[in-house]
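What follows is the content of input21.cif (mmCIF, C-alpha atoms).
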```cif
data_work
loop_
_atom_site.label_atom_id
_atom_site.label_comp_id
_atom_site.auth_asym_id
_atom_site.auth_seq_id
_atom_site.Cartn_x
_atom_site.Cartn_y
_atom_site.Cartn_z
CA MET Q 16 156.41 166.48 144.45
CA ARG Q 17 153.70 164.99 146.65
CA ILE Q 18 155.06 163.28 149.75
CA ALA Q 19 153.42 161.23 152.50
CA MET Q 20 155.44 161.00 155.71
CA ILE Q 21 154.34 158.09 157.90
CA GLY Q 22 155.22 158.89 161.51
CA THR Q 23 155.48 162.27 163.23
CA GLY Q 24 158.26 161.48 165.65
CA TYR Q 25 161.56 163.29 165.60
CA VAL Q 26 162.66 162.15 162.13
CA GLY Q 27 159.25 162.26 160.50
CA LEU Q 28 158.28 165.71 161.72
CA VAL Q 29 161.62 167.36 160.97
CA SER Q 30 161.89 165.68 157.55
CA GLY Q 31 158.29 166.47 156.63
CA ALA Q 32 158.63 170.13 157.59
CA CYS Q 33 161.91 170.49 155.70
CA PHE Q 34 160.57 168.80 152.56
CA ALA Q 35 157.60 171.18 152.69
CA ASP Q 36 160.00 174.09 153.04
CA PHE Q 37 161.69 172.87 149.84
CA GLY Q 38 158.34 173.47 148.12
CA HIS Q 39 156.94 169.92 148.09
CA ASP Q 40 153.38 169.10 149.21
CA VAL Q 41 153.75 167.02 152.37
CA THR Q 42 151.21 165.21 154.51
CA CYS Q 43 152.45 163.82 157.82
CA VAL Q 44 150.49 160.83 159.08
CA ASP Q 45 150.28 159.44 162.61
CA LYS Q 46 147.82 157.15 164.39
CA ASP Q 47 148.03 159.22 167.57
CA GLU Q 48 144.92 161.42 167.31
CA LYS Q 49 145.99 163.70 170.18
CA LYS Q 50 149.37 164.34 168.57
CA ILE Q 51 147.82 165.16 165.19
CA ALA Q 52 145.26 167.46 166.82
CA ALA Q 53 148.07 169.23 168.69
CA LEU Q 54 150.13 169.62 165.50
CA ARG Q 55 147.15 171.11 163.72
CA ARG Q 56 146.94 173.65 166.56
CA GLY Q 57 150.61 174.46 166.02
CA GLU Q 58 151.79 172.63 169.16
CA ILE Q 59 155.09 170.82 168.55
CA PRO Q 60 155.53 167.61 170.63
CA ILE Q 61 159.34 167.74 170.65
CA TYR Q 62 161.87 170.46 171.39
CA GLU Q 63 163.98 171.30 168.35
CA PRO Q 64 165.21 174.87 167.75
CA GLY Q 65 163.34 176.51 164.85
CA LEU Q 66 160.94 173.62 164.24
CA ASP Q 67 157.82 175.37 165.53
CA GLU Q 68 158.36 178.32 163.17
CA LEU Q 69 159.18 176.01 160.23
CA VAL Q 70 156.00 173.99 160.76
CA ALA Q 71 153.84 177.10 161.17
CA THR Q 72 155.22 178.72 158.01
CA ASN Q 73 154.57 175.69 155.84
CA VAL Q 74 151.14 174.94 157.29
CA LYS Q 75 150.18 178.54 156.52
CA ALA Q 76 151.51 178.13 152.97
CA LYS Q 77 149.39 174.96 152.66
CA ARG Q 78 152.43 172.83 151.82
CA LEU Q 79 152.25 170.87 155.11
CA ASP Q 80 149.29 169.03 156.58
CA PHE Q 81 148.63 166.44 159.29
CA THR Q 82 146.20 163.53 159.38
CA THR Q 83 145.51 160.18 161.04
CA ASP Q 84 144.32 158.54 157.81
CA LEU Q 85 147.06 157.53 155.40
CA SER Q 86 144.86 156.25 152.56
CA LYS Q 87 144.47 159.49 150.57
CA PRO Q 88 148.00 160.88 151.16
CA VAL Q 89 149.51 157.55 150.09
CA ALA Q 90 147.23 157.22 147.07
CA ASP Q 91 148.21 160.72 145.89
CA ALA Q 92 151.93 160.49 146.73
CA ASP Q 93 154.93 160.31 144.43
CA ALA Q 94 156.93 159.08 147.44
CA VAL Q 95 155.92 157.63 150.80
CA PHE Q 96 158.47 157.82 153.60
CA ILE Q 97 158.32 155.38 156.50
CA ALA Q 98 159.60 157.26 159.55
CA VAL Q 99 158.21 155.22 162.43
CA GLY Q 100 160.10 154.15 165.52
CA THR Q 101 162.50 151.19 165.61
CA PRO Q 102 163.22 150.88 169.36
CA SER Q 103 165.41 148.17 170.82
CA ARG Q 104 163.39 145.01 171.22
CA ARG Q 105 162.96 143.80 174.76
CA GLY Q 106 165.10 140.83 175.63
CA ASP Q 107 167.57 140.68 172.74
CA GLY Q 108 168.49 144.24 171.67
CA HIS Q 109 167.40 143.75 168.05
CA ALA Q 110 165.63 146.67 166.37
CA ASP Q 111 161.87 146.23 166.75
CA LEU Q 112 160.58 146.40 163.19
CA SER Q 113 156.91 145.75 163.96
CA TYR Q 114 155.95 149.40 163.33
CA VAL Q 115 157.85 149.44 160.02
CA TYR Q 116 156.19 146.25 158.78
CA ALA Q 117 152.72 147.36 159.93
CA ALA Q 118 153.20 150.64 158.06
CA ALA Q 119 154.34 148.79 154.93
CA LYS Q 120 151.21 146.63 154.95
CA GLU Q 121 148.91 149.60 155.43
CA ILE Q 122 150.71 151.62 152.75
CA ALA Q 123 150.40 148.75 150.27
CA ARG Q 124 146.61 148.77 150.48
CA SER Q 125 146.42 152.44 149.42
CA LEU Q 126 149.03 152.60 146.64
CA THR Q 127 147.89 153.86 143.22
CA GLY Q 128 150.14 154.58 140.26
CA PHE Q 129 153.92 154.51 140.41
CA THR Q 130 155.18 155.24 143.93
CA VAL Q 131 158.54 155.12 145.67
CA VAL Q 132 158.26 153.77 149.22
CA VAL Q 133 161.25 154.92 151.26
CA THR Q 134 162.48 153.62 154.60
CA LYS Q 135 163.65 156.70 156.53
CA SER Q 136 163.68 154.86 159.85
CA THR Q 137 166.96 153.31 160.97
CA VAL Q 138 166.57 149.65 160.04
CA PRO Q 139 168.82 146.58 159.91
CA VAL Q 140 170.34 145.41 156.66
CA GLY Q 141 167.75 143.53 154.63
CA THR Q 142 164.71 145.35 156.01
CA GLY Q 143 163.99 146.93 152.63
CA ASP Q 144 163.76 143.44 151.12
CA GLU Q 145 161.11 142.49 153.68
CA VAL Q 146 159.22 145.76 153.20
CA GLU Q 147 159.10 145.09 149.46
CA ARG Q 148 157.94 141.51 150.05
CA ILE Q 149 155.13 142.70 152.36
CA ILE Q 150 153.97 145.32 149.86
CA ARG Q 151 153.95 142.93 146.91
CA GLU Q 152 152.22 140.23 148.94
CA THR Q 153 149.56 142.67 150.18
CA ASN Q 154 149.07 144.40 146.81
CA PRO Q 155 150.43 142.31 143.91
CA ASN Q 156 149.42 144.99 141.41
CA ALA Q 157 151.35 147.79 143.08
CA ASP Q 158 153.76 149.68 140.81
CA VAL Q 159 156.32 150.38 143.50
CA VAL Q 160 160.04 150.82 144.14
CA VAL Q 161 161.27 150.37 147.70
CA ALA Q 162 164.29 152.52 148.56
CA SER Q 163 166.38 153.28 151.63
CA ASN Q 164 167.14 156.87 152.63
CA PRO Q 165 168.66 156.88 156.12
CA GLU Q 166 168.66 160.10 158.15
CA PHE Q 167 171.75 161.70 159.67
CA LEU Q 168 170.15 164.40 161.80
CA ARG Q 169 171.66 165.64 165.05
CA GLU Q 170 169.12 166.59 167.66
CA GLY Q 171 169.43 170.30 168.34
CA ALA Q 172 170.75 170.98 164.83
CA ALA Q 173 168.37 168.87 162.76
CA ILE Q 174 166.99 171.54 160.45
CA ARG Q 175 170.42 172.75 159.44
CA ASP Q 176 171.60 169.15 159.01
CA PHE Q 177 168.66 168.44 156.71
CA LYS Q 178 169.16 171.54 154.57
CA PHE Q 179 172.96 171.49 154.51
CA PRO Q 180 173.80 167.77 154.70
CA ASP Q 181 177.25 166.21 154.47
CA ARG Q 182 175.66 163.64 152.18
CA VAL Q 183 172.27 162.23 151.19
CA VAL Q 184 172.35 158.45 150.89
CA VAL Q 185 169.73 156.77 148.69
CA GLY Q 186 169.63 153.01 148.37
CA THR Q 187 168.00 151.92 145.13
CA SER Q 188 169.20 150.51 141.82
CA ASP Q 189 165.92 151.34 140.03
CA GLU Q 190 166.23 154.23 137.58
CA ARG Q 191 162.66 155.45 138.12
CA GLY Q 192 163.27 155.42 141.86
CA ARG Q 193 166.51 157.36 141.42
CA LYS Q 194 164.73 160.01 139.38
CA VAL Q 195 162.00 160.54 141.96
CA MET Q 196 164.51 160.75 144.81
CA GLY Q 197 166.69 163.07 142.78
CA ASP Q 198 163.70 165.35 142.16
CA ILE Q 199 162.80 165.36 145.86
CA TYR Q 200 166.31 166.42 146.89
CA ARG Q 201 166.92 168.73 143.91
CA PRO Q 202 166.48 171.90 146.04
CA LEU Q 203 169.75 170.94 147.75
CA SER Q 204 171.69 171.12 144.48
CA LEU Q 205 172.56 174.80 145.00
CA ASN Q 206 174.34 173.72 148.17
CA GLN Q 207 176.16 171.00 146.20
CA ALA Q 208 174.98 168.30 148.59
CA PRO Q 209 176.48 164.96 147.56
CA LEU Q 210 173.58 162.74 146.56
CA MET Q 211 175.01 159.23 146.89
CA PHE Q 212 173.17 156.35 145.23
CA THR Q 213 173.94 152.81 146.39
CA GLU Q 214 172.34 149.41 146.56
CA ARG Q 215 169.57 149.28 149.16
CA ARG Q 216 171.41 147.03 151.61
CA THR Q 217 174.51 149.22 151.39
CA ALA Q 218 172.49 152.30 152.35
CA GLU Q 219 171.06 150.46 155.36
CA MET Q 220 174.58 149.46 156.42
CA ILE Q 221 175.96 153.00 156.02
CA LYS Q 222 173.62 154.34 158.71
CA TYR Q 223 174.65 151.77 161.31
CA ALA Q 224 178.34 151.95 160.43
CA ALA Q 225 178.33 155.76 160.74
CA ASN Q 226 176.72 155.75 164.18
CA ALA Q 227 178.95 152.94 165.43
CA PHE Q 228 182.06 154.80 164.29
CA LEU Q 229 181.00 158.04 165.99
CA ALA Q 230 180.19 156.13 169.18
CA THR Q 231 183.66 154.58 168.96
CA LYS Q 232 185.31 158.02 168.72
CA ILE Q 233 183.45 159.19 171.82
CA THR Q 234 184.36 156.10 173.80
CA PHE Q 235 187.99 156.26 172.68
CA ILE Q 236 188.48 159.83 173.92
CA ASN Q 237 186.66 158.96 177.16
CA GLU Q 238 189.15 156.17 177.85
CA ILE Q 239 192.05 158.47 176.94
CA ALA Q 240 190.53 160.98 179.38
CA ASP Q 241 190.68 158.42 182.20
CA LEU Q 242 194.32 157.73 181.42
CA SER Q 243 195.12 161.44 181.12
CA GLU Q 244 193.60 162.07 184.53
CA LYS Q 245 195.80 159.43 186.16
CA ALA Q 246 198.93 160.40 184.22
CA GLY Q 247 198.63 164.16 184.71
CA ALA Q 248 197.83 165.05 181.08
CA ASN Q 249 195.07 167.33 179.78
CA VAL Q 250 192.62 165.43 177.59
CA GLN Q 251 191.32 168.60 175.90
CA GLU Q 252 194.79 169.35 174.59
CA VAL Q 253 195.27 165.69 173.67
CA ALA Q 254 192.00 165.79 171.69
CA ARG Q 255 193.05 168.96 169.89
CA GLY Q 256 196.49 167.53 169.17
CA ILE Q 257 195.12 164.40 167.54
CA GLY Q 258 192.07 166.08 166.00
CA LEU Q 259 194.18 168.49 163.95
CA ASP Q 260 195.32 165.43 162.01
CA ASN Q 261 192.76 165.52 159.19
CA ARG Q 262 192.70 161.72 159.09
CA ILE Q 263 191.17 161.83 162.57
CA GLY Q 264 189.27 165.13 162.71
CA THR Q 265 188.18 167.20 165.70
CA LYS Q 266 184.52 166.21 165.95
CA PHE Q 267 183.26 163.75 168.58
CA LEU Q 268 186.50 164.00 170.55
CA HIS Q 269 184.95 165.70 173.58
CA ALA Q 270 185.42 163.68 176.76
CA GLY Q 271 182.36 163.36 178.96
CA PRO Q 272 180.08 161.04 180.91
CA GLY Q 273 179.33 158.73 177.98
CA PHE Q 274 177.01 158.86 174.98
CA GLY Q 275 173.24 158.61 175.18
CA GLY Q 276 170.23 159.62 173.12
CA SER Q 277 167.90 157.86 170.74
CA CYS Q 278 170.50 156.64 168.24
CA PHE Q 279 173.94 155.61 169.45
CA PRO Q 280 172.96 153.16 172.25
CA LYS Q 281 170.13 151.64 170.22
CA ASP Q 282 172.01 151.42 166.94
CA THR Q 283 175.22 149.95 168.38
CA LYS Q 284 173.15 147.24 170.08
CA ALA Q 285 171.28 146.54 166.85
CA LEU Q 286 174.48 146.39 164.78
CA ILE Q 287 175.98 143.84 167.18
CA LYS Q 288 172.83 141.71 166.85
CA ILE Q 289 172.88 141.99 163.06
CA ALA Q 290 176.51 140.83 163.04
CA GLN Q 291 175.69 137.88 165.28
CA ASP Q 292 172.93 136.84 162.87
CA TYR Q 293 175.59 136.70 160.13
CA ASP Q 294 178.08 134.92 162.43
CA VAL Q 295 180.40 137.94 162.48
CA SER Q 296 181.99 139.28 165.67
CA LEU Q 297 182.18 143.08 165.99
CA ARG Q 298 184.54 143.14 168.95
CA ILE Q 299 185.29 146.87 168.77
CA VAL Q 300 181.60 147.82 168.75
CA GLU Q 301 180.86 145.33 171.54
CA SER Q 302 183.59 146.93 173.66
CA VAL Q 303 182.31 150.44 172.88
CA LEU Q 304 178.86 149.54 174.18
CA ALA Q 305 180.18 147.83 177.31
CA VAL Q 306 182.61 150.63 178.18
CA ASN Q 307 179.93 153.29 177.67
CA GLU Q 308 177.40 151.56 179.92
CA ASN Q 309 179.96 151.15 182.70
CA ARG Q 310 181.09 154.75 182.37
CA LYS Q 311 177.70 156.34 183.06
CA ARG Q 312 177.41 154.64 186.44
CA ALA Q 313 181.05 155.39 187.24
CA MET Q 314 180.28 159.11 187.14
CA ALA Q 315 178.42 158.78 190.44
CA ARG Q 316 181.57 157.34 192.02
CA LYS Q 317 183.50 160.32 190.67
CA VAL Q 318 181.14 162.66 192.53
CA SER Q 319 181.55 160.58 195.68
CA GLN Q 320 185.33 160.81 195.45
CA ALA Q 321 185.13 164.60 195.14
CA LEU Q 322 183.37 164.64 198.52
CA GLY Q 323 185.81 162.36 200.27
CA GLY Q 324 184.30 158.99 199.36
CA SER Q 325 180.86 159.19 200.99
CA LEU Q 326 177.57 160.70 199.82
CA ARG Q 327 175.47 159.62 202.79
CA GLY Q 328 173.41 162.62 203.91
CA LYS Q 329 174.86 164.87 201.19
CA THR Q 330 172.86 167.07 198.80
CA ILE Q 331 173.95 167.00 195.17
CA ALA Q 332 172.86 169.59 192.59
CA VAL Q 333 172.69 168.34 189.00
CA LEU Q 334 172.71 170.80 186.10
CA GLY Q 335 171.45 169.30 182.85
CA LEU Q 336 169.38 166.14 182.44
CA THR Q 337 168.89 165.67 178.69
CA PHE Q 338 171.48 163.61 176.83
CA LYS Q 339 172.70 166.73 175.01
CA PRO Q 340 171.80 170.45 174.85
CA ASP Q 341 169.06 171.91 172.63
CA THR Q 342 166.77 168.92 173.00
CA ASP Q 343 164.31 167.59 175.56
CA ASP Q 344 165.28 163.98 174.76
CA MET Q 345 165.95 161.85 177.86
CA ARG Q 346 166.44 158.55 176.05
CA ASP Q 347 169.51 156.77 177.48
CA ALA Q 348 170.69 160.08 178.97
CA PRO Q 349 173.85 159.76 181.11
CA SER Q 350 172.00 161.68 183.83
CA ILE Q 351 169.74 158.69 184.54
CA PRO Q 352 172.38 156.19 185.77
CA LEU Q 353 174.31 159.06 187.36
CA VAL Q 354 171.34 160.25 189.44
CA THR Q 355 170.22 156.74 190.38
CA GLY Q 356 173.80 156.01 191.41
CA LEU Q 357 173.93 159.13 193.59
CA ILE Q 358 170.65 158.15 195.26
CA ASP Q 359 171.87 154.59 195.81
CA MET Q 360 174.89 156.06 197.62
CA GLY Q 361 172.62 157.93 200.01
CA ALA Q 362 172.56 161.38 198.42
CA THR Q 363 169.61 163.75 198.06
CA VAL Q 364 169.46 165.05 194.47
CA LYS Q 365 168.20 168.38 193.16
CA ALA Q 366 168.21 169.10 189.42
CA PHE Q 367 167.61 171.76 186.81
CA ASP Q 368 167.39 171.50 183.02
CA PRO Q 369 166.24 174.34 180.72
CA VAL Q 370 163.74 172.23 178.73
CA GLY Q 371 164.00 168.58 179.79
CA MET Q 372 162.46 168.44 183.26
CA GLU Q 373 158.96 167.32 182.23
CA GLN Q 374 160.48 164.46 180.23
CA ALA Q 375 162.87 163.67 183.10
CA LYS Q 376 160.12 163.32 185.71
CA GLY Q 377 159.05 160.01 184.23
CA GLU Q 378 162.60 158.65 184.43
CA LEU Q 379 163.70 160.29 187.68
CA PRO Q 380 160.68 160.77 189.96
CA ASP Q 381 162.58 160.79 193.27
CA ILE Q 382 164.48 164.05 192.94
CA THR Q 383 163.66 167.72 193.48
CA TYR Q 384 163.27 169.83 190.33
CA CYS Q 385 164.37 173.47 190.56
CA GLU Q 386 163.54 176.64 188.64
CA ASP Q 387 167.10 177.70 187.80
CA ALA Q 388 170.76 176.84 188.34
CA TYR Q 389 171.14 178.90 191.52
CA SER Q 390 168.08 177.55 193.35
CA CYS Q 391 169.36 174.10 192.36
CA ALA Q 392 172.77 174.86 193.92
CA GLN Q 393 171.22 176.25 197.13
CA GLY Q 394 172.55 174.23 200.06
CA ALA Q 395 174.29 171.68 197.85
CA ASP Q 396 177.46 169.90 198.93
CA ALA Q 397 178.48 169.48 195.30
CA LEU Q 398 177.32 170.76 191.91
CA VAL Q 399 177.53 168.36 188.95
CA ILE Q 400 177.40 169.68 185.38
CA VAL Q 401 175.99 166.87 183.21
CA THR Q 402 174.71 168.59 180.05
CA GLU Q 403 176.60 171.47 178.42
CA TRP Q 404 173.65 173.84 177.96
CA VAL Q 405 174.81 177.32 176.97
CA GLN Q 406 173.02 178.65 180.08
CA PHE Q 407 175.59 176.84 182.25
CA ARG Q 408 178.70 178.15 180.50
CA ALA Q 409 178.86 181.54 182.22
CA LEU Q 410 177.46 181.05 185.72
CA ASP Q 411 178.12 183.73 188.33
CA LEU Q 412 180.75 181.82 190.30
CA ASP Q 413 180.67 184.14 193.31
CA ARG Q 414 176.91 183.80 193.58
CA LEU Q 415 177.15 180.05 193.09
CA LYS Q 416 179.72 179.71 195.86
CA SER Q 417 177.69 181.87 198.24
CA VAL Q 418 174.61 179.61 198.05
CA MET Q 419 176.35 176.23 198.22
CA ALA Q 420 177.04 174.34 201.45
CA GLN Q 421 180.44 173.33 200.07
CA PRO Q 422 182.23 174.88 197.06
CA VAL Q 423 182.65 171.62 195.14
CA VAL Q 424 181.99 171.39 191.37
CA VAL Q 425 182.25 168.22 189.28
CA ASP Q 426 182.21 169.27 185.63
CA LEU Q 427 181.47 166.25 183.45
CA ARG Q 428 181.61 168.36 180.25
CA ASN Q 429 184.82 170.37 180.87
CA ILE Q 430 183.08 173.69 180.20
CA TYR Q 431 185.13 175.61 182.78
CA ARG Q 432 188.87 176.22 183.06
CA PRO Q 433 190.46 174.67 186.15
CA GLU Q 434 192.49 177.83 186.87
CA ASP Q 435 189.32 179.96 186.86
CA MET Q 436 187.55 177.61 189.27
CA GLU Q 437 190.58 177.51 191.55
CA ALA Q 438 190.77 181.31 191.58
CA ALA Q 439 187.07 181.46 192.49
CA GLY Q 440 187.74 179.19 195.48
CA PHE Q 441 186.13 175.99 194.21
CA THR Q 442 187.31 172.44 194.60
CA TYR Q 443 186.95 171.46 190.97
CA ASP Q 444 187.03 168.08 189.28
CA SER Q 445 186.51 167.50 185.56
CA ILE Q 446 187.06 164.81 182.93
CA GLY Q 447 190.61 163.95 181.90
CA ARG Q 448 192.25 166.91 183.65
CA PRO Q 449 193.98 167.13 187.03
CA PRO Q 450 191.57 168.24 189.82
CA VAL Q 451 192.18 171.49 191.65
CA GLN Q 452 191.61 172.49 195.29
CA GLY Q 453 190.08 175.90 195.91
#
```
Reformat the file's structure so that it appears as structure tokens.
Amino acid sequence: MRIAMIGTGYVGLVSGACFADFGHDVTCVDKDEKKIAALRRGEIPIYEPGLDELVATNVKAKRLDFTTDLSKPVADADAVFIAVGTPSRRGDGHADLSYVYAAAKEIARSLTGFTVVVTKSTVPVGTGDEVERIIRETNPNADVVVASNPEFLREGAAIRDFKFPDRVVVGTSDERGRKVMGDIYRPLSLNQAPLMFTERRTAEMIKYAANAFLATKITFINEIADLSEKAGANVQEVARGIGLDNRIGTKFLHAGPGFGGSCFPKDTKALIKIAQDYDVSLRIVESVLAVNENRKRAMARKVSQALGGSLRGKTIAVLGLTFKPDTDDMRDAPSIPLVTGLIDMGATVKAFDPVGMEQAKGELPDITYCEDAYSCAQGADALVIVTEWVQFRALDLDRLKSVMAQPVVVDLRNIYRPEDMEAAGFTYDSIGRPPVQG
């Protein structure tokens, strides 16, 4: 199959490379000339494990190409995927669809022969209708089917998620469109991936509902963690106890500083706005968003409490800045309100992240960036673990203690056992577990 992928952001680049690896001929299109030039040189603009090798392999095999001009790739394509950004719109939280609609208009001008135009971007319910209207208005002679095919990729595990998906959702009721999409995803059939066909609006709703539900699970266990902490229970054991019930499941029941990233905050906001447009109140989702926003800032107060209630003149070491490990994504990362909160309370902040520091400098310019965890901890009154990078899971505790001004650790990801930290002589505070004094 011949595929044009419009947009070389996270979704577009990963999807394009994976489709090429399936054996399809894929051209990724982006207006950013510097990004396309870099991709042609083999330079990957995002950090995703295995993506650089996947891109290089398929470029060498001539199944993957990059360009700034969409006219020929679209004209030749069996399917054109729209994978441009849909950021939260300033002022009202709605998804900004201007890039999607601009892409649809430009695609329409280049269509020849039967083509399936697919919205891969996360878009509100009804967006596919507007994309189809724009295409037909721009090119009344176009032989086109507009489908929805939302992505469910986790940053840090995106390639595996694409190749071994829980499900592939395709929103179209057109038989020709179903055949093309079935052919595109046929290489997954050996893995028995459930290819789920729905109406277009249903597919658009599935994406938002899935992210809102996962965000709800995270926020639920975070609130249970707060209660566990006060009541003397262990939230990790609570999570395991409820997660073993297969109606609940173990995933997304890890207490922490709140969710961030490019999807959950943006998509929960957008879903609330969609519901308001239909005069429906999503009170659970509204509460999830409010609780999560308050939680991130509250983590700075937790650090303050670990040091006796005042951070004035204190040095705080922060390990991990990205919203999750195995990515350089800083969008809505919990580290941002945490660090700004620490600074507002009078602290000096040092930080280390294995891959995210260049991205972080734009968001957090007023902190000191360090070369490793131990130089970050040097002279610190408290060490705060914010992102559960594997590099932080087996730190040399004796060395850590020897370089710190005070042996205080606030573990916002619960990656250490309280009894081990106590034995090592640390004052240790975590999420949803009783603190220990070293």
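Atom CA of Q:Pro139 lies 21.9 Å from atom CA of Q:Lys232.
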Worksheet item: If I put a ball of radius 10 Å at (159.7, 163.4, 160.7) in the file's coordinates, which residues poke into it when counting all atoms listed in the file, written as a ChimeraX atom specification?
Response: /Q:20-34,43-44,96-99,135-136,166
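Atom CA of Q:Glu147 is positioned 20.4 Å from atom CA of Q:His109.
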Practice prompt. Run the PyMOL selection byres ((chain Q and resi 169) around 12) on the file and write out the hits as a list in words.
Written response: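 Taken on the displayed file, the PyMOL selection byres ((chain Q and resi 169) around 12) yields the residues Tyr25, Val26, Val29, Glu63, Pro64, Glu166, Phe167, Leu168, Glu170, Gly171, Ala172, Ala173, Ile174, Arg175, Asp176, Phe177, Pro180, Asp181, Asn226, Gly276, Ser277, Cys278, Phe279, Phe338, Lys339, Pro340, Asp341, Thr342 and Asp344 of chain Q.
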Keeping only C-alpha atoms, write those residues as a PDB file, in the coordinates of the input.
```
ATOM      1  CA  TYR Q  25     161.560 163.290 165.600  1.00  0.00           C
ATOM      2  CA  VAL Q  26     162.660 162.150 162.130  1.00  0.00           C
ATOM      3  CA  VAL Q  29     161.620 167.360 160.970  1.00  0.00           C
ATOM      4  CA  GLU Q  63     163.980 171.300 168.350  1.00  0.00           C
ATOM      5  CA  PRO Q  64     165.210 174.870 167.750  1.00  0.00           C
ATOM      6  CA  GLU Q 166     168.660 160.100 158.150  1.00  0.00           C
ATOM      7  CA  PHE Q 167     171.750 161.700 159.670  1.00  0.00           C
ATOM      8  CA  LEU Q 168     170.150 164.400 161.800  1.00  0.00           C
ATOM      9  CA  GLU Q 170     169.120 166.590 167.660  1.00  0.00           C
ATOM     10  CA  GLY Q 171     169.430 170.300 168.340  1.00  0.00           C
ATOM     11  CA  ALA Q 172     170.750 170.980 164.830  1.00  0.00           C
ATOM     12  CA  ALA Q 173     168.370 168.870 162.760  1.00  0.00           C
ATOM     13  CA  ILE Q 174     166.990 171.540 160.450  1.00  0.00           C
ATOM     14  CA  ARG Q 175     170.420 172.750 159.440  1.00  0.00           C
ATOM     15  CA  ASP Q 176     171.600 169.150 159.010  1.00  0.00           C
ATOM     16  CA  PHE Q 177     168.660 168.440 156.710  1.00  0.00           C
ATOM     17  CA  PRO Q 180     173.800 167.770 154.700  1.00  0.00           C
ATOM     18  CA  ASP Q 181     177.250 166.210 154.470  1.00  0.00           C
ATOM     19  CA  ASN Q 226     176.720 155.750 164.180  1.00  0.00           C
ATOM     20  CA  GLY Q 276     170.230 159.620 173.120  1.00  0.00           C
ATOM     21  CA  SER Q 277     167.900 157.860 170.740  1.00  0.00           C
ATOM     22  CA  CYS Q 278     170.500 156.640 168.240  1.00  0.00           C
ATOM     23  CA  PHE Q 279     173.940 155.610 169.450  1.00  0.00           C
ATOM     24  CA  PHE Q 338     171.480 163.610 176.830  1.00  0.00           C
ATOM     25  CA  LYS Q 339     172.700 166.730 175.010  1.00  0.00           C
ATOM     26  CA  PRO Q 340     171.800 170.450 174.850  1.00  0.00           C
ATOM     27  CA  ASP Q 341     169.060 171.910 172.630  1.00  0.00           C
ATOM     28  CA  THR Q 342     166.770 168.920 173.000  1.00  0.00           C
ATOM     29  CA  ASP Q 344     165.280 163.980 174.760  1.00  0.00           C
TER      30      ASP Q 344
END
```
Worksheet item: Could you work out how far atom CA of Q:Gly361 lies from atom CA of Q:Leu326, giving the answer in Å with one decimal?
Response: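 Computed distance, atom CA of Q:Leu326 to atom CA of Q:Gly361, equals 5.7 Å.
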Practice prompt. Apply the PyMOL selection byres ((chain Q and resi 150) around 9) to the structure shown and report the selected residues as a ChimeraX atom specification.
Written response: /Q:119-124,145-149,151-155,157,159
Please build the interface table for stretch 262-312 of chain Q against stretch 425-447 of chain Q with a cut-off of 10 Å, listing for each qualifying residue the nearest atom pair and the distance in Å to one decimal; count only C-alpha atoms, order rows by chain and increasing number, and write it as JSON lines.
```
{"residue": "Q:His269", "atom": "CA", "partner": "Q:Arg428", "partner_atom": "CA", "distance": 7.9}
{"residue": "Q:Ala270", "atom": "CA", "partner": "Q:Ile446", "partner_atom": "CA", "distance": 6.5}
{"residue": "Q:Gly271", "atom": "CA", "partner": "Q:Arg428", "partner_atom": "CA", "distance": 5.2}
{"residue": "Q:Pro272", "atom": "CA", "partner": "Q:Leu427", "partner_atom": "CA", "distance": 6.0}
{"residue": "Q:Gly273", "atom": "CA", "partner": "Q:Leu427", "partner_atom": "CA", "distance": 9.5}
```
Discussion item. Can you pull out the residues contacting stretch 201-218 of chain Q? Cut-off 7 Å, using only C-alpha atoms, and skip same-chain residues under 3 positions away; I want them as a list in words.
Written reply: Phe37, Val140, Gly141, Gly143, Ala162, Ser163, Lys178, Phe179, Pro180, Asp181, Arg182, Val183, Val184, Val185, Gly186, Thr187, Ser188, Gly197, Asp198, Ile221 and Lys222 of chain Q
Item to complete: Could you tell me which residues the PyMOL selection byres ((chain Q and resi 242-256) around 6) grabs in this file, written as a PyMOL selection string?
Response: chain Q and resi 239-241+257-259+268+447-449
Worksheet item: So, counting only C-alpha atoms, which residue among Q:Arg327, Q:Arg17, Q:Arg316, Q:His39 is closest to Q:Ala92?
Response: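 Of Q:Arg327, Q:Arg17, Q:Arg316, Q:His39, the one nearest Q:Ala92, counting only C-alpha atoms, is Q:Arg17.
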Fill in: Residue among Q:Glu238, Q:Asp107, Q:Asp387, Q:Asp282 lying closest to Q:Leu410, counting only C-alpha atoms
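Closest candidate: Q:Asp387.
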Fill in: Nearest to Q:Phe228 by atom-to-atom distance, counting all atoms listed in the file, from Q:Asp80, Q:Glu68, Q:Glu301, Q:Glu386
Q:Glu301
Practice prompt. Counting only C-alpha atoms, figure out which residue out of Q:Ser417, Q:Ser350, Q:Thr137, Q:Thr130 gets nearest to Q:Ile18.
Written response: Q:Thr130
Item to complete: Find the residue from Q:Ile351, Q:Arg78, Q:Val418, Q:Val333 that sits nearest to Q:Val399; use all atoms listed in the file when measuring.
Response: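 Smallest separation from Q:Val399 among the options: Q:Val333.
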Fill in: Nearby residues (all atoms listed in the file) at most 12 Å from Q:Leu415, same-chain spacing under 6 positions excluded, as an MDAnalysis selection string
chainID Q and resid 332 387:398 407 409 421:424 436 439:441
Worksheet item: Of the candidates Q:Leu85, Q:Thr72, Q:Val95, Q:Ser113, which shows the shortest atom-to-atom distance to Q:Val133, using all atoms listed in the file?
Response: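 Using all atoms listed in the file, the shortest distance to Q:Val133 belongs to Q:Val95.
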